[in-house]
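So the structure is just underneath, and the comments pick up after that.
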Amino acid sequence: MKITRRNVLLAGAAGAACAGMGRLAWAQQGGRVVVGTWGGDYGSLLRENVDTAFSQASGIDVVQDIGTPDPRKTKILAERQGRRASMDVAFFNDTDAFLLGQQDLLTPIDANNVPRMAEVVPQLRKAYSIPHIYSFQVILYNPAKIDPAPTSFADFWNPKWRGHIGFVDDMYRQVTIAAALAGGGSITRFDPAWDKLLELRELGAKVYSSNEALASAIKSEEIWMTTLYLSRGYMWKQGGLPLEHVVASEGAPIVAFEAVVPKNSRNQEGALGYLNAVLGAQAQAAFAKKMGYLPTVQDAVLPPEIAKSISLSAEQQQRLLVPDYDYSARMNPQVLDFWTKQFKG
Amino acid sequence: MALLIVPAGLLTFMLLVGPMLWMGRISLNEYSVEQFMIEALTLQNYVKAIVDPYYLNVLAVTFGVALLCTALTLLLALPVAYALARTERSWKSLMVIVTLFPLLVGNVVRSAGWMAILGKGGLINYTLRLLDLPEVKMMYTTSAVVIGIVAVVLPYMILTLCSVIESVPRNLEEAAENLGARRLRTFVSVLWPLMRPGVAAGSVLVFVLCMNTYATAVLLGGPQFKMMAPAVYDQFVIANNWPFGAALAFILLAMTLLFTVAGSMLLARRYHRK
């Protein structure tokens, strides 16, 4: 390149801009980061609040690979022996991220390679992922149909609601946990769930292929009560569905949605930089406002009315249940088998 | 001359036989939650699939739906193929394009179209509501899956039968009619025996497509309806049990091959006997 006064001035200006990004390895490195994520609101919010700002600051292009988490998990498993993964960052729920971390397929993460980890709520920190957003499993019900309001997961077994209880197929783990809790089991003892699920099947419980299919059934008043995350209830309520939520007396299992970097990512530095941007306070607040998920960083500020809609009271927080991921992962084949063959079959 | 098949042979080996051999090897491994897959040489995945009543039922449903769809497709395709083959009008090529047109749209899009017609708020129920008639549940039923599959495979059967009927000289039918045979008799005694190899080819093609149905079964059958291809997908992608998924895939392949060969042999033998 020919050295001119103009080029020297431009280089100086770029250097000054980089200095503002500290000593981070991904700053102004260029290249591309492929992000495996959900589409819809999730993908749009990432694009609007993370991807664009991160690209401008780092010079790294962000490409979203939109799909559902099961194929993403399968891709990472299939590429585990390859030198170059097709995704640099992938989003999963906490149990799936644990399964991949357990197989040593993910890059270790801490505050040294992702500085914003220092702001993450301590209970949500993991060694193989960043917690992006989180919520709780609650009971969602139509107040015009379910009266009095439910108080416990056991209310799903009330014969008065026969044929009007429905679940999303993907929520098989969470429904099994609700059944276990209602039957006297716990987050580490699923055995009572089997009989309870068979009883529920006898009561005409329905299974829907997607969140959208269940939403449509709730709207048409075919379904009166379900169990889902509070965040989903918040979104549906905002969308006009006749729903209220209640924290079950047995507890509110936590779900976190996490982002991971496969060990064979083509652009590890860029991917770690992207994770740092995902933990930005403003980006997290945007997810809370639109999707009703709680921020995982302590410095994110939410408008009081939104915080009230998506958070739990001090008394309800006593009922939070943190999943035992090791037990859940070990039980997963049995849970899925029972759900597929006995409950749905 | 033999060298001419080398490129295609190599390509087939690399893209079809190679992955299948690899999958065959996977089917002999053991599944582990912690380690994902353990290297082994065991037939336990095949035994599990064969003795499990759930998977036997899935296989029976797949076979039943495939057989029903093949028979329905044959019945629906015959008159269309005959009309298309015997017409001499200028719009024949336009009709062929119209028959081919559905193949330009993917299975998922076509199933989405059926969902818009058969769903609770779909076209049929909307019309029934307008007429003050009770709604009918069509989505997530075996009937919805059969309708969806037949719509997908119908063009294949029509085009196969059409080419076979075109190859049967028209004057044979005219000769039969001159000798006093009615249309049905002409069809049964003259046309059907001559077109039987084409019927066998079309039926085999359609049967194989039906046995391997995925998108239509998932979208129109819903979460409680299970055929073999979605069951294979579930094992690979949702349960991450690749050895069992690979064993199910080979069982599906073996069953499809068995019924296809048996059906073809039966039809061919009857044709030669004639």
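Numbering starts fresh at 1 for the residues of each chain in the structure tokens, the chains themselves are lettered A, B, ... in the order given, and ligands are numbered from 1 as they appear.
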Identify all chain B residues at most 9 Å from chain A by counting only C-alpha atoms; ligands do not count. Present them as a PDB file with N, CA, C and O atoms, in the first residue's frame.
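Wrote iface_22.pdb, looks like this:
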ATOM      1  N   VAL B  33     -25.529 -41.846  27.515  1.00  0.00           N
ATOM      2  CA  VAL B  33     -25.875 -40.437  27.734  1.00  0.00           C
ATOM      3  C   VAL B  33     -24.602 -39.613  27.925  1.00  0.00           C
ATOM      4  O   VAL B  33     -24.441 -38.539  27.353  1.00  0.00           O
ATOM      5  N   GLU B  34     -23.674 -40.153  28.733  1.00  0.00           N
ATOM      6  CA  GLU B  34     -22.467 -39.386  29.064  1.00  0.00           C
ATOM      7  C   GLU B  34     -21.491 -39.342  27.895  1.00  0.00           C
ATOM      8  O   GLU B  34     -20.880 -38.319  27.623  1.00  0.00           O
ATOM      9  N   GLN B  35     -21.322 -40.497  27.212  1.00  0.00           N
ATOM     10  CA  GLN B  35     -20.295 -40.556  26.158  1.00  0.00           C
ATOM     11  C   GLN B  35     -20.868 -40.484  24.747  1.00  0.00           C
ATOM     12  O   GLN B  35     -20.126 -40.626  23.778  1.00  0.00           O
ATOM     13  N   PHE B  36     -22.174 -40.345  24.642  1.00  0.00           N
ATOM     14  CA  PHE B  36     -22.889 -40.239  23.374  1.00  0.00           C
ATOM     15  C   PHE B  36     -22.930 -41.575  22.625  1.00  0.00           C
ATOM     16  O   PHE B  36     -23.977 -42.102  22.348  1.00  0.00           O
ATOM     17  N   TYR B  54     -44.043 -50.828  20.484  1.00  0.00           N
ATOM     18  CA  TYR B  54     -44.246 -49.465  19.960  1.00  0.00           C
ATOM     19  C   TYR B  54     -43.692 -49.351  18.544  1.00  0.00           C
ATOM     20  O   TYR B  54     -44.370 -48.859  17.634  1.00  0.00           O
ATOM     21  N   VAL B 218     -45.292 -35.579   9.683  1.00  0.00           N
ATOM     22  CA  VAL B 218     -45.054 -34.724  10.854  1.00  0.00           C
ATOM     23  C   VAL B 218     -46.051 -33.570  10.894  1.00  0.00           C
ATOM     24  O   VAL B 218     -46.663 -33.299  11.929  1.00  0.00           O
ATOM     25  N   LEU B 219     -46.226 -32.901   9.752  1.00  0.00           N
ATOM     26  CA  LEU B 219     -47.052 -31.691   9.739  1.00  0.00           C
ATOM     27  C   LEU B 219     -48.550 -31.981   9.794  1.00  0.00           C
ATOM     28  O   LEU B 219     -49.296 -31.265  10.447  1.00  0.00           O
ATOM     29  N   GLY B 222     -49.291 -34.696  13.176  1.00  0.00           N
ATOM     30  CA  GLY B 222     -49.150 -34.156  14.536  1.00  0.00           C
ATOM     31  C   GLY B 222     -48.262 -35.012  15.405  1.00  0.00           C
ATOM     32  O   GLY B 222     -47.736 -36.038  14.971  1.00  0.00           O
ATOM     33  N   PRO B 223     -48.117 -34.601  16.670  1.00  0.00           N
ATOM     34  CA  PRO B 223     -47.159 -35.282  17.546  1.00  0.00           C
ATOM     35  C   PRO B 223     -47.548 -36.707  17.932  1.00  0.00           C
ATOM     36  O   PRO B 223     -46.697 -37.474  18.358  1.00  0.00           O
ATOM     37  N   GLN B 224     -48.840 -37.056  17.817  1.00  0.00           N
ATOM     38  CA  GLN B 224     -49.235 -38.397  18.257  1.00  0.00           C
ATOM     39  C   GLN B 224     -49.226 -39.440  17.139  1.00  0.00           C
ATOM     40  O   GLN B 224     -49.356 -40.619  17.403  1.00  0.00           O
ATOM     41  N   PHE B 225     -49.054 -39.003  15.902  1.00  0.00           N
ATOM     42  CA  PHE B 225     -49.042 -39.930  14.764  1.00  0.00           C
ATOM     43  C   PHE B 225     -47.590 -40.204  14.394  1.00  0.00           C
ATOM     44  O   PHE B 225     -46.822 -39.267  14.209  1.00  0.00           O
ATOM     45  N   LYS B 226     -47.210 -41.454  14.309  1.00  0.00           N
ATOM     46  CA  LYS B 226     -45.804 -41.740  14.045  1.00  0.00           C
ATOM     47  C   LYS B 226     -45.622 -42.722  12.902  1.00  0.00           C
ATOM     48  O   LYS B 226     -46.237 -43.785  12.882  1.00  0.00           O
ATOM     49  N   PHE B 236     -32.303 -39.764  16.040  1.00  0.00           N
ATOM     50  CA  PHE B 236     -31.042 -39.083  15.708  1.00  0.00           C
ATOM     51  C   PHE B 236     -30.983 -37.692  16.335  1.00  0.00           C
ATOM     52  O   PHE B 236     -29.977 -37.318  16.919  1.00  0.00           O
ATOM     53  N   VAL B 237     -32.071 -36.937  16.190  1.00  0.00           N
ATOM     54  CA  VAL B 237     -32.003 -35.503  16.500  1.00  0.00           C
ATOM     55  C   VAL B 237     -32.536 -35.151  17.890  1.00  0.00           C
ATOM     56  O   VAL B 237     -31.955 -34.300  18.561  1.00  0.00           O
ATOM     57  N   ILE B 238     -33.584 -35.807  18.348  1.00  0.00           N
ATOM     58  CA  ILE B 238     -34.137 -35.429  19.656  1.00  0.00           C
ATOM     59  C   ILE B 238     -33.514 -36.269  20.776  1.00  0.00           C
ATOM     60  O   ILE B 238     -33.045 -35.724  21.768  1.00  0.00           O
ATOM     61  N   ALA B 239     -33.487 -37.605  20.576  1.00  0.00           N
ATOM     62  CA  ALA B 239     -32.927 -38.455  21.631  1.00  0.00           C
ATOM     63  C   ALA B 239     -31.400 -38.548  21.532  1.00  0.00           C
ATOM     64  O   ALA B 239     -30.751 -38.984  22.473  1.00  0.00           O
ATOM     65  N   ASN B 240     -30.827 -38.154  20.395  1.00  0.00           N
ATOM     66  CA  ASN B 240     -29.374 -38.283  20.149  1.00  0.00           C
ATOM     67  C   ASN B 240     -28.873 -39.722  20.298  1.00  0.00           C
ATOM     68  O   ASN B 240     -27.712 -39.947  20.618  1.00  0.00           O
ATOM     69  N   ASN B 241     -29.782 -40.669  20.096  1.00  0.00           N
ATOM     70  CA  ASN B 241     -29.397 -42.083  20.155  1.00  0.00           C
ATOM     71  C   ASN B 241     -29.136 -42.547  18.720  1.00  0.00           C
ATOM     72  O   ASN B 241     -29.989 -43.158  18.076  1.00  0.00           O
TER      73      ASN B 241
END
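Excluding Phe259 of chain B and any residue on its chain fewer than 3 positions from it, the residues at most 10 Å away by only C-alpha atoms are Phe63, Val204, Phe207, Val208, Ala254, Met255, Thr256, Ala262, Gly263, Ser264 and Met265 of chain B.
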Please, could you write that set of residues out with N, CA and C atoms as a PDB file, in the first residue's frame?
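Generated output (result-v1.pdb):
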ATOM      1  N   PHE B  63     -46.431 -49.209   7.007  1.00  0.00           N
ATOM      2  CA  PHE B  63     -46.741 -50.126   5.913  1.00  0.00           C
ATOM      3  C   PHE B  63     -48.193 -49.968   5.460  1.00  0.00           C
ATOM      4  N   VAL B 204     -44.348 -49.348  -7.380  1.00  0.00           N
ATOM      5  CA  VAL B 204     -43.108 -49.492  -6.594  1.00  0.00           C
ATOM      6  C   VAL B 204     -42.556 -48.105  -6.254  1.00  0.00           C
ATOM      7  N   PHE B 207     -44.870 -46.510  -3.698  1.00  0.00           N
ATOM      8  CA  PHE B 207     -44.795 -47.214  -2.416  1.00  0.00           C
ATOM      9  C   PHE B 207     -43.522 -46.817  -1.657  1.00  0.00           C
ATOM     10  N   VAL B 208     -42.403 -46.758  -2.370  1.00  0.00           N
ATOM     11  CA  VAL B 208     -41.133 -46.385  -1.726  1.00  0.00           C
ATOM     12  C   VAL B 208     -41.226 -44.954  -1.180  1.00  0.00           C
ATOM     13  N   ALA B 254     -34.821 -52.276   4.892  1.00  0.00           N
ATOM     14  CA  ALA B 254     -35.000 -53.707   4.612  1.00  0.00           C
ATOM     15  C   ALA B 254     -36.461 -54.013   4.309  1.00  0.00           C
ATOM     16  N   MET B 255     -37.372 -53.437   5.091  1.00  0.00           N
ATOM     17  CA  MET B 255     -38.802 -53.687   4.882  1.00  0.00           C
ATOM     18  C   MET B 255     -39.255 -53.143   3.526  1.00  0.00           C
ATOM     19  N   THR B 256     -38.819 -51.937   3.207  1.00  0.00           N
ATOM     20  CA  THR B 256     -39.203 -51.325   1.923  1.00  0.00           C
ATOM     21  C   THR B 256     -38.704 -52.196   0.778  1.00  0.00           C
ATOM     22  N   ALA B 262     -40.915 -58.177  -3.462  1.00  0.00           N
ATOM     23  CA  ALA B 262     -42.001 -59.161  -3.468  1.00  0.00           C
ATOM     24  C   ALA B 262     -43.137 -58.706  -4.384  1.00  0.00           C
ATOM     25  N   GLY B 263     -43.512 -57.423  -4.277  1.00  0.00           N
ATOM     26  CA  GLY B 263     -44.602 -56.887  -5.101  1.00  0.00           C
ATOM     27  C   GLY B 263     -44.249 -56.930  -6.579  1.00  0.00           C
ATOM     28  N   SER B 264     -43.023 -56.529  -6.914  1.00  0.00           N
ATOM     29  CA  SER B 264     -42.595 -56.517  -8.319  1.00  0.00           C
ATOM     30  C   SER B 264     -42.578 -57.930  -8.893  1.00  0.00           C
ATOM     31  N   MET B 265     -42.070 -58.884  -8.083  1.00  0.00           N
ATOM     32  CA  MET B 265     -41.982 -60.273  -8.565  1.00  0.00           C
ATOM     33  C   MET B 265     -43.361 -60.845  -8.813  1.00  0.00           C
TER      34      MET B 265
END
Taking the chain letters and numbering used in this document, name the residues of segment 84-180 of chain A that DSSP puts in alpha helix (DSSP H), as a PDB file with C-alpha atoms, in the first residue's frame.
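Heads up, here's the output in result.pdb:
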ATOM      1  CA  ASP A  94     -29.738 -25.178  29.940  1.00  0.00           C
ATOM      2  CA  THR A  95     -30.220 -28.978  29.786  1.00  0.00           C
ATOM      3  CA  ASP A  96     -29.028 -29.275  26.173  1.00  0.00           C
ATOM      4  CA  ALA A  97     -26.018 -27.033  26.902  1.00  0.00           C
ATOM      5  CA  PHE A  98     -25.205 -29.278  29.887  1.00  0.00           C
ATOM      6  CA  LEU A  99     -25.381 -32.413  27.687  1.00  0.00           C
ATOM      7  CA  LEU A 100     -22.889 -30.916  25.210  1.00  0.00           C
ATOM      8  CA  GLY A 101     -20.650 -29.607  28.001  1.00  0.00           C
ATOM      9  CA  GLN A 102     -20.688 -33.057  29.592  1.00  0.00           C
ATOM     10  CA  TYR A 172     -41.812 -33.113  27.727  1.00  0.00           C
ATOM     11  CA  ARG A 173     -39.103 -32.651  30.371  1.00  0.00           C
ATOM     12  CA  GLN A 174     -40.941 -29.825  32.117  1.00  0.00           C
ATOM     13  CA  VAL A 175     -44.320 -31.623  32.069  1.00  0.00           C
ATOM     14  CA  THR A 176     -42.615 -34.705  33.522  1.00  0.00           C
ATOM     15  CA  ILE A 177     -41.117 -32.558  36.304  1.00  0.00           C
ATOM     16  CA  ALA A 178     -44.551 -31.033  37.022  1.00  0.00           C
ATOM     17  CA  ALA A 179     -46.062 -34.544  37.186  1.00  0.00           C
ATOM     18  CA  ALA A 180     -43.251 -35.727  39.470  1.00  0.00           C
TER      19      ALA A 180
END
>> Set the distance at 7 Å and use only C-alpha atoms: which residues neighbour Ala281 of chain A once local chain neighbours fewer than 6 positions away are removed? I'd like the list as number ranges by chain.
In response: A: 297, 299-300
**Report entry** Separation of atom CA of Tyr293 of chain A from atom CA of Tyr134 of chain A in Å
**Finding:**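 Distance reported for this atom pair: 5.5 Å.
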Can you pull out the residues contacting Pro169 of chain B? Cut-off 12 Å, using only C-alpha atoms, and skip same-chain residues under 3 positions away; I want them as a compact mmCIF listing (two decimals) with N, CA, C and O atoms, in the first residue's frame.
# COMPACT_ATOMS: atom_id res chain seq x y z
N ALA B 85 -52.99 -39.75 -22.01
CA ALA B 85 -52.26 -40.55 -23.00
C ALA B 85 -53.00 -40.59 -24.34
O ALA B 85 -52.39 -40.59 -25.40
N ARG B 86 -54.33 -40.63 -24.26
CA ARG B 86 -55.10 -40.82 -25.49
C ARG B 86 -55.52 -39.51 -26.16
O ARG B 86 -56.05 -39.54 -27.27
N SER B 163 -47.07 -42.84 -19.75
CA SER B 163 -46.09 -43.30 -20.75
C SER B 163 -46.35 -44.76 -21.13
O SER B 163 -46.14 -45.16 -22.28
N VAL B 164 -46.85 -45.56 -20.16
CA VAL B 164 -47.14 -46.97 -20.46
C VAL B 164 -48.36 -47.07 -21.39
O VAL B 164 -48.35 -47.82 -22.38
N ILE B 165 -49.39 -46.29 -21.08
CA ILE B 165 -50.62 -46.35 -21.90
C ILE B 165 -50.32 -45.87 -23.33
O ILE B 165 -50.82 -46.44 -24.31
N GLU B 166 -49.46 -44.86 -23.43
CA GLU B 166 -49.09 -44.36 -24.77
C GLU B 166 -48.40 -45.43 -25.60
O GLU B 166 -48.50 -45.45 -26.84
N LEU B 172 -55.48 -51.65 -30.80
CA LEU B 172 -55.83 -52.88 -30.06
C LEU B 172 -57.16 -52.68 -29.35
O LEU B 172 -58.01 -53.58 -29.33
N GLU B 173 -57.32 -51.50 -28.78
CA GLU B 173 -58.59 -51.20 -28.09
C GLU B 173 -59.73 -51.12 -29.12
O GLU B 173 -60.83 -51.61 -28.88
N GLU B 174 -59.41 -50.51 -30.26
CA GLU B 174 -60.45 -50.37 -31.31
C GLU B 174 -60.86 -51.75 -31.84
O GLU B 174 -62.05 -52.00 -32.08
N ALA B 175 -59.85 -52.66 -31.96
CA ALA B 175 -60.15 -54.01 -32.44
C ALA B 175 -61.08 -54.72 -31.46
O ALA B 175 -62.05 -55.38 -31.86
N ALA B 176 -60.80 -54.57 -30.15
CA ALA B 176 -61.64 -55.20 -29.11
C ALA B 176 -63.06 -54.65 -29.19
O ALA B 176 -64.03 -55.39 -29.08
N VAL B 190 -57.73 -56.13 -22.33
CA VAL B 190 -56.71 -55.74 -23.30
C VAL B 190 -55.68 -54.80 -22.68
O VAL B 190 -54.48 -55.10 -22.64
N LEU B 191 -56.18 -53.66 -22.21
CA LEU B 191 -55.25 -52.62 -21.75
C LEU B 191 -54.53 -53.00 -20.45
O LEU B 191 -53.31 -52.90 -20.35
N LEU B 194 -51.61 -55.42 -20.61
CA LEU B 194 -50.45 -54.86 -21.31
C LEU B 194 -49.75 -53.77 -20.50
O LEU B 194 -48.55 -53.54 -20.67
N MET B 195 -50.52 -53.10 -19.65
CA MET B 195 -49.90 -52.00 -18.89
C MET B 195 -49.43 -52.45 -17.51
O MET B 195 -48.93 -51.65 -16.73
Would you return as a PyMOL selection string the members of segment 154-307 of chain A that DSSP assigns to strand (DSSP E or B) on this structure's backbone? chain A and resi 165-168+186+189+206-208+225-229+244-246+252-260+262+294-295+297
Please write the residues from the selection above to a file, keeping N, CA, C and O atoms, as a CSV table (one decimal), in the first residue's frame.
chain,number,residue,atom,x,y,z
A,165,ILE,N,-56.8,-29.7,29.1
A,165,ILE,CA,-55.4,-29.5,29.5
A,165,ILE,C,-54.6,-29.8,28.3
A,165,ILE,O,-54.8,-30.9,27.6
A,166,GLY,N,-53.6,-29.0,28.0
A,166,GLY,CA,-52.8,-29.2,26.8
A,166,GLY,C,-51.3,-28.8,27.0
A,166,GLY,O,-51.1,-27.9,27.8
A,167,PHE,N,-50.4,-29.5,26.4
A,167,PHE,CA,-49.0,-29.2,26.5
A,167,PHE,C,-48.3,-29.1,25.1
A,167,PHE,O,-48.8,-29.7,24.2
A,168,VAL,N,-47.2,-28.4,25.1
A,168,VAL,CA,-46.4,-28.4,23.9
A,168,VAL,C,-45.4,-29.7,23.9
A,168,VAL,O,-44.9,-30.0,25.0
A,186,SER,N,-39.6,-35.1,43.2
A,186,SER,CA,-38.8,-33.9,43.3
A,186,SER,C,-38.0,-33.7,42.1
A,186,SER,O,-38.1,-34.5,41.1
A,189,ARG,N,-36.1,-36.7,41.7
A,189,ARG,CA,-36.9,-38.0,41.8
A,189,ARG,C,-38.1,-37.9,40.9
A,189,ARG,O,-39.1,-37.4,41.3
A,206,LYS,N,-53.9,-33.1,26.0
A,206,LYS,CA,-53.6,-33.1,24.6
A,206,LYS,C,-52.1,-32.6,24.4
A,206,LYS,O,-51.6,-31.8,25.3
A,207,VAL,N,-51.5,-33.0,23.4
A,207,VAL,CA,-50.1,-32.6,23.1
A,207,VAL,C,-50.1,-31.9,21.7
A,207,VAL,O,-50.7,-32.4,20.8
A,208,TYR,N,-49.5,-30.7,21.7
A,208,TYR,CA,-49.5,-29.9,20.5
A,208,TYR,C,-48.1,-29.8,20.0
A,208,TYR,O,-47.1,-29.8,20.8
A,225,MET,N,-55.8,-24.7,30.4
A,225,MET,CA,-54.6,-24.7,31.3
A,225,MET,C,-53.4,-25.4,30.8
A,225,MET,O,-53.6,-26.5,30.1
A,226,THR,N,-52.2,-24.9,31.0
A,226,THR,CA,-51.0,-25.6,30.6
A,226,THR,C,-49.9,-25.2,31.5
A,226,THR,O,-50.1,-24.4,32.4
A,227,THR,N,-48.7,-25.8,31.3
A,227,THR,CA,-47.6,-25.3,32.0
A,227,THR,C,-46.5,-24.9,31.0
A,227,THR,O,-46.2,-25.7,30.1
A,228,LEU,N,-46.0,-23.7,31.2
A,228,LEU,CA,-45.0,-23.2,30.3
A,228,LEU,C,-44.1,-22.2,31.1
A,228,LEU,O,-44.3,-22.0,32.3
A,229,TYR,N,-43.2,-21.5,30.4
A,229,TYR,CA,-42.4,-20.5,31.1
A,229,TYR,C,-43.2,-19.2,31.2
A,229,TYR,O,-44.0,-18.9,30.3
A,244,GLU,N,-53.7,-16.0,32.6
A,244,GLU,CA,-53.1,-15.5,33.8
A,244,GLU,C,-52.0,-16.6,34.2
A,244,GLU,O,-52.1,-17.7,33.7
A,245,HIS,N,-51.1,-16.2,35.1
A,245,HIS,CA,-50.2,-17.2,35.5
A,245,HIS,C,-50.2,-17.3,37.0
A,245,HIS,O,-50.6,-16.4,37.7
A,246,VAL,N,-49.7,-18.5,37.5
A,246,VAL,CA,-49.6,-18.7,38.9
A,246,VAL,C,-48.3,-19.6,39.2
A,246,VAL,O,-48.0,-20.5,38.4
A,252,ALA,N,-41.2,-23.5,41.3
A,252,ALA,CA,-41.1,-23.0,39.9
A,252,ALA,C,-39.7,-23.3,39.4
A,252,ALA,O,-38.7,-22.7,39.7
A,253,PRO,N,-39.6,-24.4,38.6
A,253,PRO,CA,-38.3,-24.8,38.1
A,253,PRO,C,-37.8,-23.7,37.2
A,253,PRO,O,-38.5,-23.1,36.4
A,254,ILE,N,-36.5,-23.4,37.3
A,254,ILE,CA,-35.8,-22.3,36.5
A,254,ILE,C,-35.5,-22.9,35.1
A,254,ILE,O,-35.0,-24.1,35.0
A,255,VAL,N,-35.6,-22.1,34.1
A,255,VAL,CA,-35.0,-22.5,32.8
A,255,VAL,C,-34.1,-21.3,32.3
A,255,VAL,O,-34.5,-20.2,32.4
A,256,ALA,N,-32.9,-21.6,31.9
A,256,ALA,CA,-32.0,-20.6,31.3
A,256,ALA,C,-31.8,-20.9,29.9
A,256,ALA,O,-31.7,-22.1,29.5
A,257,PHE,N,-31.7,-19.9,29.0
A,257,PHE,CA,-31.3,-20.2,27.7
A,257,PHE,C,-29.9,-19.6,27.5
A,257,PHE,O,-29.6,-18.5,28.0
A,258,GLU,N,-29.0,-20.5,27.0
A,258,GLU,CA,-27.6,-20.2,27.1
A,258,GLU,C,-26.9,-20.2,25.7
A,258,GLU,O,-27.5,-20.7,24.8
A,259,ALA,N,-25.7,-19.6,25.7
A,259,ALA,CA,-25.0,-19.6,24.4
A,259,ALA,C,-23.7,-20.3,24.7
A,259,ALA,O,-23.0,-20.1,25.7
A,260,VAL,N,-23.2,-21.1,23.7
A,260,VAL,CA,-22.0,-21.9,23.8
A,260,VAL,C,-21.1,-21.6,22.6
A,260,VAL,O,-21.6,-21.2,21.5
A,262,PRO,N,-18.6,-24.0,20.3
A,262,PRO,CA,-18.0,-25.3,20.1
A,262,PRO,C,-16.5,-25.2,20.1
A,262,PRO,O,-15.9,-24.2,19.7
A,294,LEU,N,-36.0,-12.8,31.9
A,294,LEU,CA,-35.2,-12.0,32.8
A,294,LEU,C,-33.8,-11.8,32.4
A,294,LEU,O,-33.2,-12.8,31.9
A,295,PRO,N,-33.2,-10.7,32.6
A,295,PRO,CA,-31.7,-10.5,32.3
A,295,PRO,C,-30.9,-11.4,33.3
A,295,PRO,O,-31.3,-11.6,34.4
A,297,VAL,N,-27.6,-10.5,33.8
A,297,VAL,CA,-26.6,-9.7,34.3
A,297,VAL,C,-27.2,-8.7,35.4
A,297,VAL,O,-28.3,-8.3,35.2
